[in-house]
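J.: Sharing target.cif (mmCIF, N, CA and C atoms) below.
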```
data_my_file
#
loop_
_atom_site.label_atom_id
_atom_site.label_comp_id
_atom_site.auth_asym_id
_atom_site.auth_seq_id
_atom_site.Cartn_x
_atom_site.Cartn_y
_atom_site.Cartn_z
N MET A 1473 -3.37 30.06 31.66
CA MET A 1473 -4.66 29.72 32.23
C MET A 1473 -5.70 30.70 31.68
N ILE A 1474 -6.69 30.17 31.04
CA ILE A 1474 -7.79 30.99 30.54
C ILE A 1474 -9.04 30.58 31.32
N LEU A 1475 -9.60 31.53 32.03
CA LEU A 1475 -10.77 31.27 32.87
C LEU A 1475 -12.07 31.78 32.25
N LYS A 1476 -11.96 32.80 31.40
CA LYS A 1476 -13.14 33.43 30.81
C LYS A 1476 -13.96 32.42 30.02
N ASN A 1477 -15.25 32.47 30.22
CA ASN A 1477 -16.24 31.59 29.57
C ASN A 1477 -16.15 30.15 30.04
N ASP A 1478 -15.46 29.90 31.14
CA ASP A 1478 -15.41 28.58 31.76
C ASP A 1478 -15.57 28.73 33.27
N PHE A 1479 -14.62 29.38 33.91
CA PHE A 1479 -14.69 29.64 35.35
C PHE A 1479 -15.67 30.78 35.65
N TYR A 1480 -15.72 31.76 34.75
CA TYR A 1480 -16.62 32.89 34.89
C TYR A 1480 -17.03 33.39 33.50
N THR A 1481 -18.10 34.16 33.46
CA THR A 1481 -18.50 34.85 32.23
C THR A 1481 -18.71 36.32 32.55
N ILE A 1482 -18.44 37.14 31.57
CA ILE A 1482 -18.69 38.58 31.69
C ILE A 1482 -20.13 38.81 31.25
N THR A 1483 -20.97 39.28 32.17
CA THR A 1483 -22.38 39.50 31.83
C THR A 1483 -22.65 40.94 31.40
N SER A 1484 -21.81 41.86 31.83
CA SER A 1484 -21.90 43.24 31.34
C SER A 1484 -20.52 43.87 31.44
N LEU A 1485 -20.26 44.78 30.51
CA LEU A 1485 -18.95 45.44 30.49
C LEU A 1485 -19.12 46.81 29.86
N THR A 1486 -18.63 47.83 30.57
CA THR A 1486 -18.57 49.17 30.01
C THR A 1486 -17.13 49.64 30.15
N ALA A 1487 -16.65 50.27 29.10
CA ALA A 1487 -15.26 50.69 29.10
C ALA A 1487 -15.11 52.01 28.36
N ASP A 1488 -14.15 52.79 28.81
CA ASP A 1488 -13.73 53.97 28.05
C ASP A 1488 -12.21 53.86 27.91
N ASN A 1489 -11.54 54.93 27.62
CA ASN A 1489 -10.11 54.87 27.34
C ASN A 1489 -9.26 54.42 28.52
N GLU A 1490 -9.74 54.63 29.75
CA GLU A 1490 -8.90 54.30 30.91
C GLU A 1490 -9.65 53.65 32.07
N ALA A 1491 -10.87 53.18 31.85
CA ALA A 1491 -11.62 52.56 32.94
C ALA A 1491 -12.57 51.50 32.41
N VAL A 1492 -12.75 50.46 33.23
CA VAL A 1492 -13.64 49.36 32.89
C VAL A 1492 -14.49 49.03 34.10
N GLN A 1493 -15.76 48.81 33.87
CA GLN A 1493 -16.67 48.27 34.87
C GLN A 1493 -17.24 46.99 34.27
N ALA A 1494 -17.15 45.89 35.02
CA ALA A 1494 -17.66 44.62 34.50
C ALA A 1494 -18.39 43.87 35.60
N SER A 1495 -19.41 43.15 35.18
CA SER A 1495 -20.14 42.28 36.08
C SER A 1495 -19.83 40.84 35.65
N LEU A 1496 -19.46 40.00 36.62
CA LEU A 1496 -19.01 38.65 36.32
C LEU A 1496 -19.90 37.63 37.04
N GLU A 1497 -20.27 36.57 36.32
CA GLU A 1497 -20.99 35.43 36.91
C GLU A 1497 -20.00 34.28 37.05
N LEU A 1498 -19.90 33.73 38.24
CA LEU A 1498 -19.02 32.59 38.47
C LEU A 1498 -19.73 31.29 38.15
N ASN A 1499 -18.97 30.32 37.67
CA ASN A 1499 -19.47 28.98 37.42
C ASN A 1499 -19.31 28.19 38.72
N ARG A 1500 -20.36 28.12 39.48
CA ARG A 1500 -20.26 27.48 40.80
C ARG A 1500 -19.98 25.98 40.74
N ALA A 1501 -20.17 25.38 39.54
CA ALA A 1501 -19.90 23.95 39.37
C ALA A 1501 -18.51 23.68 38.79
N HIS A 1502 -17.67 24.70 38.68
CA HIS A 1502 -16.35 24.52 38.08
C HIS A 1502 -15.50 23.56 38.92
N ARG A 1503 -14.69 22.77 38.24
CA ARG A 1503 -13.87 21.74 38.90
C ARG A 1503 -12.85 22.31 39.89
N ILE A 1504 -12.48 23.57 39.77
CA ILE A 1504 -11.55 24.17 40.73
C ILE A 1504 -12.08 24.04 42.15
N PHE A 1505 -13.40 24.17 42.31
CA PHE A 1505 -13.99 24.17 43.64
C PHE A 1505 -14.03 22.78 44.28
N GLU A 1506 -13.75 21.73 43.48
CA GLU A 1506 -13.67 20.39 44.05
C GLU A 1506 -12.48 20.29 45.01
N GLY A 1507 -11.43 21.06 44.73
CA GLY A 1507 -10.24 21.02 45.58
C GLY A 1507 -9.99 22.28 46.37
N HIS A 1508 -10.78 23.33 46.12
CA HIS A 1508 -10.54 24.64 46.76
C HIS A 1508 -11.84 25.20 47.28
N PHE A 1509 -12.42 24.80 48.22
CA PHE A 1509 -12.17 23.69 49.11
C PHE A 1509 -13.42 22.83 49.16
N PRO A 1510 -13.29 21.51 49.24
CA PRO A 1510 -14.47 20.64 49.25
C PRO A 1510 -15.43 21.01 50.39
N GLY A 1511 -16.67 21.23 50.03
CA GLY A 1511 -17.68 21.59 51.03
C GLY A 1511 -17.72 23.05 51.39
N GLN A 1512 -16.64 23.79 51.13
CA GLN A 1512 -16.57 25.22 51.40
C GLN A 1512 -15.84 25.90 50.25
N PRO A 1513 -16.48 26.01 49.09
CA PRO A 1513 -15.80 26.56 47.91
C PRO A 1513 -15.41 28.03 48.10
N VAL A 1514 -14.19 28.34 47.67
CA VAL A 1514 -13.65 29.70 47.73
C VAL A 1514 -12.90 29.96 46.43
N VAL A 1515 -13.10 31.13 45.84
CA VAL A 1515 -12.36 31.50 44.64
C VAL A 1515 -10.89 31.71 45.01
N PRO A 1516 -9.99 30.95 44.37
CA PRO A 1516 -8.56 31.13 44.66
C PRO A 1516 -8.08 32.54 44.30
N GLY A 1517 -7.15 33.06 45.08
CA GLY A 1517 -6.60 34.39 44.82
C GLY A 1517 -6.00 34.52 43.44
N VAL A 1518 -5.30 33.50 42.98
CA VAL A 1518 -4.70 33.55 41.65
C VAL A 1518 -5.78 33.69 40.57
N CYS A 1519 -6.95 33.12 40.80
CA CYS A 1519 -8.05 33.25 39.84
C CYS A 1519 -8.60 34.68 39.83
N MET A 1520 -8.62 35.32 41.00
CA MET A 1520 -9.07 36.71 41.05
C MET A 1520 -8.15 37.61 40.22
N VAL A 1521 -6.86 37.42 40.37
CA VAL A 1521 -5.88 38.21 39.61
C VAL A 1521 -6.03 37.91 38.12
N GLN A 1522 -6.22 36.64 37.78
CA GLN A 1522 -6.38 36.25 36.38
C GLN A 1522 -7.64 36.88 35.77
N MET A 1523 -8.70 37.01 36.54
CA MET A 1523 -9.92 37.64 36.02
C MET A 1523 -9.65 39.10 35.65
N ILE A 1524 -8.89 39.82 36.49
CA ILE A 1524 -8.53 41.20 36.17
C ILE A 1524 -7.72 41.24 34.87
N LYS A 1525 -6.74 40.36 34.75
CA LYS A 1525 -5.91 40.29 33.54
C LYS A 1525 -6.77 40.04 32.30
N GLU A 1526 -7.68 39.09 32.38
CA GLU A 1526 -8.50 38.75 31.23
C GLU A 1526 -9.49 39.86 30.87
N ILE A 1527 -9.98 40.59 31.85
CA ILE A 1527 -10.83 41.75 31.55
C ILE A 1527 -10.03 42.79 30.78
N LEU A 1528 -8.81 43.05 31.24
CA LEU A 1528 -7.93 43.99 30.52
C LEU A 1528 -7.64 43.51 29.10
N GLU A 1529 -7.42 42.22 28.93
CA GLU A 1529 -7.17 41.67 27.59
C GLU A 1529 -8.39 41.81 26.70
N THR A 1530 -9.57 41.63 27.26
CA THR A 1530 -10.81 41.77 26.50
C THR A 1530 -10.96 43.20 25.99
N VAL A 1531 -10.67 44.17 26.84
CA VAL A 1531 -10.83 45.58 26.49
C VAL A 1531 -9.73 46.05 25.54
N SER A 1532 -8.50 45.63 25.80
CA SER A 1532 -7.37 46.13 25.01
C SER A 1532 -7.14 45.35 23.72
N GLY A 1533 -7.62 44.12 23.69
CA GLY A 1533 -7.37 43.27 22.53
C GLY A 1533 -5.93 42.79 22.46
N LYS A 1534 -5.20 42.89 23.58
CA LYS A 1534 -3.78 42.51 23.61
C LYS A 1534 -3.55 41.42 24.65
N ASN A 1535 -2.54 40.59 24.42
CA ASN A 1535 -2.14 39.59 25.41
C ASN A 1535 -1.26 40.27 26.46
N LEU A 1536 -1.56 40.01 27.72
CA LEU A 1536 -0.86 40.68 28.81
C LEU A 1536 -0.25 39.69 29.79
N MET A 1537 0.73 40.18 30.54
CA MET A 1537 1.34 39.43 31.62
C MET A 1537 1.61 40.40 32.77
N LEU A 1538 1.31 39.97 33.99
CA LEU A 1538 1.61 40.80 35.15
C LEU A 1538 3.12 40.88 35.32
N LYS A 1539 3.65 42.09 35.23
CA LYS A 1539 5.09 42.32 35.33
C LYS A 1539 5.51 42.60 36.76
N GLN A 1540 4.74 43.43 37.44
CA GLN A 1540 5.05 43.78 38.83
C GLN A 1540 3.77 44.21 39.52
N SER A 1541 3.80 44.10 40.83
CA SER A 1541 2.65 44.53 41.62
C SER A 1541 3.13 45.34 42.81
N ASP A 1542 2.56 46.52 42.97
CA ASP A 1542 2.84 47.31 44.15
C ASP A 1542 2.11 46.71 45.35
N TYR A 1543 0.91 46.19 45.09
CA TYR A 1543 0.20 45.43 46.11
C TYR A 1543 -0.91 44.60 45.48
N ILE A 1544 -1.14 43.47 46.08
CA ILE A 1544 -2.30 42.62 45.80
C ILE A 1544 -2.83 42.25 47.18
N LYS A 1545 -4.02 42.73 47.49
CA LYS A 1545 -4.60 42.48 48.81
C LYS A 1545 -5.90 41.70 48.65
N PHE A 1546 -5.95 40.54 49.29
CA PHE A 1546 -7.16 39.73 49.32
C PHE A 1546 -7.87 40.05 50.63
N LEU A 1547 -8.96 40.77 50.54
CA LEU A 1547 -9.62 41.32 51.73
C LEU A 1547 -10.81 40.51 52.21
N SER A 1548 -11.40 39.74 51.30
CA SER A 1548 -12.57 38.94 51.67
C SER A 1548 -12.69 37.79 50.69
N VAL A 1549 -13.14 36.65 51.16
CA VAL A 1549 -13.30 35.50 50.28
C VAL A 1549 -14.52 35.66 49.39
N ILE A 1550 -14.46 35.03 48.23
CA ILE A 1550 -15.61 34.97 47.34
C ILE A 1550 -16.08 33.52 47.33
N ASN A 1551 -17.27 33.30 47.87
CA ASN A 1551 -17.90 31.99 47.85
C ASN A 1551 -18.77 31.94 46.59
N PRO A 1552 -18.47 31.05 45.65
CA PRO A 1552 -19.20 31.04 44.38
C PRO A 1552 -20.67 30.67 44.53
N VAL A 1553 -21.02 30.00 45.60
CA VAL A 1553 -22.41 29.62 45.82
C VAL A 1553 -23.23 30.83 46.26
N GLU A 1554 -22.64 31.68 47.08
CA GLU A 1554 -23.35 32.82 47.63
C GLU A 1554 -23.10 34.12 46.88
N ALA A 1555 -21.93 34.24 46.28
CA ALA A 1555 -21.47 35.53 45.76
C ALA A 1555 -21.72 35.67 44.27
N ARG A 1556 -22.84 36.27 43.95
CA ARG A 1556 -23.08 36.55 42.53
C ARG A 1556 -23.86 37.82 42.42
N PRO A 1557 -23.60 38.66 41.49
CA PRO A 1557 -22.42 38.69 40.63
C PRO A 1557 -21.23 39.35 41.32
N VAL A 1558 -20.07 39.19 40.71
CA VAL A 1558 -18.85 39.86 41.17
C VAL A 1558 -18.67 41.09 40.30
N GLN A 1559 -18.37 42.22 40.92
CA GLN A 1559 -18.18 43.47 40.19
C GLN A 1559 -16.69 43.77 40.10
N ALA A 1560 -16.23 44.02 38.88
CA ALA A 1560 -14.83 44.37 38.65
C ALA A 1560 -14.74 45.84 38.25
N THR A 1561 -13.80 46.54 38.86
CA THR A 1561 -13.51 47.92 38.51
C THR A 1561 -12.02 47.98 38.19
N VAL A 1562 -11.69 48.44 36.98
CA VAL A 1562 -10.31 48.47 36.54
C VAL A 1562 -10.01 49.84 35.94
N GLN A 1563 -9.03 50.52 36.48
CA GLN A 1563 -8.53 51.77 35.89
C GLN A 1563 -7.13 51.49 35.38
N PHE A 1564 -6.83 51.98 34.18
CA PHE A 1564 -5.54 51.69 33.59
C PHE A 1564 -5.07 52.84 32.73
N SER A 1565 -3.76 52.91 32.56
CA SER A 1565 -3.18 53.88 31.64
C SER A 1565 -1.94 53.26 31.02
N GLU A 1566 -1.74 53.57 29.76
CA GLU A 1566 -0.57 53.07 29.05
C GLU A 1566 0.55 54.09 29.22
N LYS A 1567 1.50 53.78 30.09
CA LYS A 1567 2.60 54.71 30.41
C LYS A 1567 3.72 54.62 29.39
N GLU A 1568 3.98 53.44 28.93
CA GLU A 1568 4.97 53.21 27.89
C GLU A 1568 4.29 52.36 26.84
N SER A 1569 4.90 52.19 25.70
CA SER A 1569 4.23 51.50 24.61
C SER A 1569 3.92 50.04 24.90
N ASP A 1570 4.57 49.46 25.89
CA ASP A 1570 4.33 48.04 26.16
C ASP A 1570 3.85 47.76 27.59
N GLU A 1571 3.37 48.78 28.31
CA GLU A 1571 2.95 48.59 29.69
C GLU A 1571 1.61 49.25 29.98
N LEU A 1572 0.80 48.56 30.79
CA LEU A 1572 -0.43 49.14 31.32
C LEU A 1572 -0.29 49.23 32.83
N HIS A 1573 -0.43 50.43 33.38
CA HIS A 1573 -0.43 50.62 34.82
C HIS A 1573 -1.87 50.54 35.30
N VAL A 1574 -2.11 49.68 36.28
CA VAL A 1574 -3.47 49.27 36.62
C VAL A 1574 -3.75 49.44 38.11
N VAL A 1575 -4.95 49.91 38.42
CA VAL A 1575 -5.52 49.87 39.76
C VAL A 1575 -6.87 49.20 39.60
N ALA A 1576 -7.09 48.10 40.34
CA ALA A 1576 -8.31 47.33 40.13
C ALA A 1576 -8.85 46.79 41.45
N SER A 1577 -10.13 46.44 41.40
CA SER A 1577 -10.75 45.79 42.56
C SER A 1577 -11.84 44.84 42.09
N LEU A 1578 -12.08 43.84 42.91
CA LEU A 1578 -13.23 42.94 42.74
C LEU A 1578 -14.09 43.09 43.98
N ASP A 1579 -15.36 43.34 43.77
CA ASP A 1579 -16.32 43.50 44.86
C ASP A 1579 -17.40 42.45 44.74
N CYS A 1580 -17.88 42.00 45.89
CA CYS A 1580 -18.94 41.01 45.93
C CYS A 1580 -19.88 41.35 47.07
N GLU A 1581 -21.13 41.52 46.74
CA GLU A 1581 -22.14 41.83 47.76
C GLU A 1581 -21.70 43.00 48.64
N GLU A 1582 -21.24 44.06 48.00
CA GLU A 1582 -20.80 45.28 48.66
C GLU A 1582 -19.58 45.11 49.56
N ARG A 1583 -18.84 44.01 49.36
CA ARG A 1583 -17.58 43.79 50.09
C ARG A 1583 -16.45 43.86 49.08
N VAL A 1584 -15.39 44.54 49.43
CA VAL A 1584 -14.20 44.54 48.59
C VAL A 1584 -13.47 43.23 48.86
N CYS A 1585 -13.24 42.45 47.81
CA CYS A 1585 -12.58 41.16 47.96
C CYS A 1585 -11.13 41.19 47.52
N LEU A 1586 -10.83 42.03 46.52
CA LEU A 1586 -9.47 42.12 46.00
C LEU A 1586 -9.16 43.57 45.66
N LYS A 1587 -7.98 44.01 46.02
CA LYS A 1587 -7.42 45.28 45.55
C LYS A 1587 -6.08 44.96 44.92
N LEU A 1588 -5.85 45.54 43.75
CA LEU A 1588 -4.62 45.28 43.02
C LEU A 1588 -4.10 46.56 42.41
N LYS A 1589 -2.81 46.78 42.55
CA LYS A 1589 -2.13 47.88 41.85
C LYS A 1589 -0.88 47.28 41.26
N GLY A 1590 -0.73 47.41 39.93
CA GLY A 1590 0.42 46.80 39.31
C GLY A 1590 0.62 47.23 37.88
N VAL A 1591 1.56 46.56 37.23
CA VAL A 1591 1.91 46.85 35.85
C VAL A 1591 1.79 45.57 35.05
N PHE A 1592 1.03 45.63 33.97
CA PHE A 1592 0.93 44.53 33.03
C PHE A 1592 1.71 44.90 31.79
N VAL A 1593 2.47 43.96 31.30
CA VAL A 1593 3.25 44.19 30.09
C VAL A 1593 2.51 43.54 28.91
N ILE A 1594 2.56 44.23 27.78
CA ILE A 1594 1.92 43.72 26.57
C ILE A 1594 2.86 42.73 25.91
N MET A 1595 2.33 41.51 25.69
CA MET A 1595 3.10 40.43 25.07
C MET A 1595 2.89 40.48 23.57
N ASN A 1596 3.93 40.19 22.81
CA ASN A 1596 3.80 40.16 21.35
C ASN A 1596 3.46 38.79 20.85
#
```
Could you render the structure from this file as structure tokens?
T.:
Amino acid sequence: MILKNDFYTITSLTADNEAVQASLELNRAHRIFEGHFPGQPVVPGVCMVQMIKEILETVSGKNLMLKQSDYIKFLSVINPVEARPVQATVQFSEKESDELHVVASLDCEERVCLKLKGVFVIMN
């Protein structure tokens, strides 16, 4: 599933060796919201996790897969009609040659919507 430049776009991104800050604009007319949920659109949790993964892929230039998660907490819903922009904060370190250890969050209107701590493996 590739969501970047369809479900959302990255409007700003700053990164250094182990941290990323990104601002994301959601496509409020995306077809996902026709079923999730009609009349009350909410960003699906799996899409939130995918956005973190794709931000990491953008910065690292590598294809990634979530290998394990110590926690994924959905703390607040993101309504695409009301919630713009979404702020992503991602801290990561390469512990082994094929793994990125990640702590990330998505914030919307000063509310934390997602907290994630996990390991992404680099795919060849």
J.: Report, in Å to a single decimal, how far apart atom CA of Phe1479 of chain A and atom CA of Arg1503 of chain A are.
T.: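 Spanning atom CA of Arg1503 of chain A to atom CA of Phe1479 of chain A is a straight-line distance of 8.7 Å.
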J.: Got a sec to resolve the PyMOL selection byres (((chain A and resi 1518 and name CA) around 12) and name CA) on this structure and send the residues as a PDB file with N, CA and C atoms, in the frame of the given file?
T.:
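Written output follows (result35.pdb):
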```pdb
ATOM      1  N   MET A1473      -3.370  30.060  31.660  1.00  0.00           N
ATOM      2  CA  MET A1473      -4.660  29.720  32.230  1.00  0.00           C
ATOM      3  C   MET A1473      -5.700  30.700  31.680  1.00  0.00           C
ATOM      4  N   ILE A1474      -6.690  30.170  31.040  1.00  0.00           N
ATOM      5  CA  ILE A1474      -7.790  30.990  30.540  1.00  0.00           C
ATOM      6  C   ILE A1474      -9.040  30.580  31.320  1.00  0.00           C
ATOM      7  N   LEU A1475      -9.600  31.530  32.030  1.00  0.00           N
ATOM      8  CA  LEU A1475     -10.770  31.270  32.870  1.00  0.00           C
ATOM      9  C   LEU A1475     -12.070  31.780  32.250  1.00  0.00           C
ATOM     10  N   ILE A1504     -12.480  23.570  39.770  1.00  0.00           N
ATOM     11  CA  ILE A1504     -11.550  24.170  40.730  1.00  0.00           C
ATOM     12  C   ILE A1504     -12.080  24.040  42.150  1.00  0.00           C
ATOM     13  N   HIS A1508     -10.780  23.330  46.120  1.00  0.00           N
ATOM     14  CA  HIS A1508     -10.540  24.640  46.760  1.00  0.00           C
ATOM     15  C   HIS A1508     -11.840  25.200  47.280  1.00  0.00           C
ATOM     16  N   VAL A1514     -14.190  28.340  47.670  1.00  0.00           N
ATOM     17  CA  VAL A1514     -13.650  29.700  47.730  1.00  0.00           C
ATOM     18  C   VAL A1514     -12.900  29.960  46.430  1.00  0.00           C
ATOM     19  N   VAL A1515     -13.100  31.130  45.840  1.00  0.00           N
ATOM     20  CA  VAL A1515     -12.360  31.500  44.640  1.00  0.00           C
ATOM     21  C   VAL A1515     -10.890  31.710  45.010  1.00  0.00           C
ATOM     22  N   PRO A1516      -9.990  30.950  44.370  1.00  0.00           N
ATOM     23  CA  PRO A1516      -8.560  31.130  44.660  1.00  0.00           C
ATOM     24  C   PRO A1516      -8.080  32.540  44.300  1.00  0.00           C
ATOM     25  N   GLY A1517      -7.150  33.060  45.080  1.00  0.00           N
ATOM     26  CA  GLY A1517      -6.600  34.390  44.820  1.00  0.00           C
ATOM     27  C   GLY A1517      -6.000  34.520  43.440  1.00  0.00           C
ATOM     28  N   CYS A1519      -6.950  33.120  40.800  1.00  0.00           N
ATOM     29  CA  CYS A1519      -8.050  33.250  39.840  1.00  0.00           C
ATOM     30  C   CYS A1519      -8.600  34.680  39.830  1.00  0.00           C
ATOM     31  N   MET A1520      -8.620  35.320  41.000  1.00  0.00           N
ATOM     32  CA  MET A1520      -9.070  36.710  41.050  1.00  0.00           C
ATOM     33  C   MET A1520      -8.150  37.610  40.220  1.00  0.00           C
ATOM     34  N   VAL A1521      -6.860  37.420  40.370  1.00  0.00           N
ATOM     35  CA  VAL A1521      -5.880  38.210  39.610  1.00  0.00           C
ATOM     36  C   VAL A1521      -6.030  37.910  38.120  1.00  0.00           C
ATOM     37  N   GLN A1522      -6.220  36.640  37.780  1.00  0.00           N
ATOM     38  CA  GLN A1522      -6.380  36.250  36.380  1.00  0.00           C
ATOM     39  C   GLN A1522      -7.640  36.880  35.770  1.00  0.00           C
ATOM     40  N   MET A1523      -8.700  37.010  36.540  1.00  0.00           N
ATOM     41  CA  MET A1523      -9.920  37.640  36.020  1.00  0.00           C
ATOM     42  C   MET A1523      -9.650  39.100  35.650  1.00  0.00           C
ATOM     43  N   ILE A1524      -8.890  39.820  36.490  1.00  0.00           N
ATOM     44  CA  ILE A1524      -8.530  41.200  36.170  1.00  0.00           C
ATOM     45  C   ILE A1524      -7.720  41.240  34.870  1.00  0.00           C
ATOM     46  N   LYS A1525      -6.740  40.360  34.750  1.00  0.00           N
ATOM     47  CA  LYS A1525      -5.910  40.290  33.540  1.00  0.00           C
ATOM     48  C   LYS A1525      -6.770  40.040  32.300  1.00  0.00           C
ATOM     49  N   LEU A1538       1.310  39.970  33.990  1.00  0.00           N
ATOM     50  CA  LEU A1538       1.610  40.800  35.150  1.00  0.00           C
ATOM     51  C   LEU A1538       3.120  40.880  35.320  1.00  0.00           C
ATOM     52  N   ILE A1544      -1.140  43.470  46.080  1.00  0.00           N
ATOM     53  CA  ILE A1544      -2.300  42.620  45.800  1.00  0.00           C
ATOM     54  C   ILE A1544      -2.830  42.250  47.180  1.00  0.00           C
ATOM     55  N   LYS A1545      -4.020  42.730  47.490  1.00  0.00           N
ATOM     56  CA  LYS A1545      -4.600  42.480  48.810  1.00  0.00           C
ATOM     57  C   LYS A1545      -5.900  41.700  48.650  1.00  0.00           C
ATOM     58  N   PHE A1546      -5.950  40.540  49.290  1.00  0.00           N
ATOM     59  CA  PHE A1546      -7.160  39.730  49.320  1.00  0.00           C
ATOM     60  C   PHE A1546      -7.870  40.050  50.630  1.00  0.00           C
ATOM     61  N   LEU A1586     -10.830  42.030  46.520  1.00  0.00           N
ATOM     62  CA  LEU A1586      -9.470  42.120  46.000  1.00  0.00           C
ATOM     63  C   LEU A1586      -9.160  43.570  45.660  1.00  0.00           C
ATOM     64  N   LEU A1588      -5.850  45.540  43.750  1.00  0.00           N
ATOM     65  CA  LEU A1588      -4.620  45.280  43.020  1.00  0.00           C
ATOM     66  C   LEU A1588      -4.100  46.560  42.410  1.00  0.00           C
TER      67      LEU A1588
END
```
J.: With the file shown as input, list the residues that the PyMOL selection byres (((chain A and resi 1565 and name CA) around 12) and name CA) selects, as a PyMOL selection string.
T.: chain A and resi 1488-1492+1528+1532+1562-1564+1566-1576+1589-1593
J.: Calculated over only N, CA and C atoms, which of the candidates A:Met1595, A:Leu1496, A:Leu1578, A:Leu1485 has the smallest distance to Thr1561 of chain A?
T.: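 Ranking A:Met1595, A:Leu1496, A:Leu1578, A:Leu1485 by distance to Thr1561 of chain A, first place goes to A:Leu1578.
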J.: Find, counting all atoms listed in the file, the residue in A:Cys1585, A:Leu1536, A:Leu1547, A:Ala1560 that gets nearest to Ser1495 of chain A.
T.: A:Ala1560
J.: As an exercise, work out the distance from atom C of Ser1577 of chain A to atom N of Ser1548 of chain A in Å and give it to one decimal place.
T.: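 Going from atom C of Ser1577 of chain A over to atom N of Ser1548 of chain A, I get 10.5 Å.
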J.: If you measure from atom N of Pro1513 of chain A to atom CA of Asn1551 of chain A, what distance in Å do you get, rounded to one decimal?
T.: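 About the pair atom N of Pro1513 of chain A and atom CA of Asn1551 of chain A: they are 6.3 Å apart.
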J.: Once DSSP has gone over the backbone, tell me which residues of segment 1521-1565 of chain A are in alpha helix (DSSP H), as a count of residues only.
T.: 12
J.: As a ChimeraX atom specification, please: every residue in chain A that DSSP puts in strand (DSSP E).
T.: /A:1480-1487,1491-1498,1535-1546,1558-1568,1571-1580,1583-1595
J.: Counting only N, CA and C atoms, find residues at most 6.5 Å from (-23.5, 33.6, 40.3) (file frame) and give them as a list in words.
T.: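 The distance filter leaves exactly Leu1496, Glu1497, Leu1498, Asn1499, Arg1500, Pro1552, Ala1555, Arg1556 and Pro1557 of chain A.
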J.: Which of these, A:Ile1482, A:Met1537, A:Ile1527, A:Val1584, has the shortest distance to Val1549 of chain A once you count only C-alpha atoms?
T.: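 Closest candidate: A:Val1584.
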J.: Using all atoms listed in the file, which of A:Ile1594, A:Thr1481, A:Val1558, A:Phe1505 sits nearest Asp1579 of chain A?
T.: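 Smallest distance to Asp1579 of chain A is found for A:Val1558.
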J.: Determine the nearest neighbour of Gln1493 of chain A from the options A:Gln1559, A:Ser1541, A:Asn1596, A:Gln1512, counting all atoms listed in the file.
T.: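 Among the listed residues, the smallest separation from Gln1493 of chain A belongs to A:Gln1559.
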J.: Using only N, CA and C atoms, can you tell me which of A:Ile1550, A:Tyr1543, A:Ala1494, A:Gly1507 comes closest to Lys1587 of chain A?
T.: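 Result for the nearest residue to Lys1587 of chain A: A:Tyr1543.
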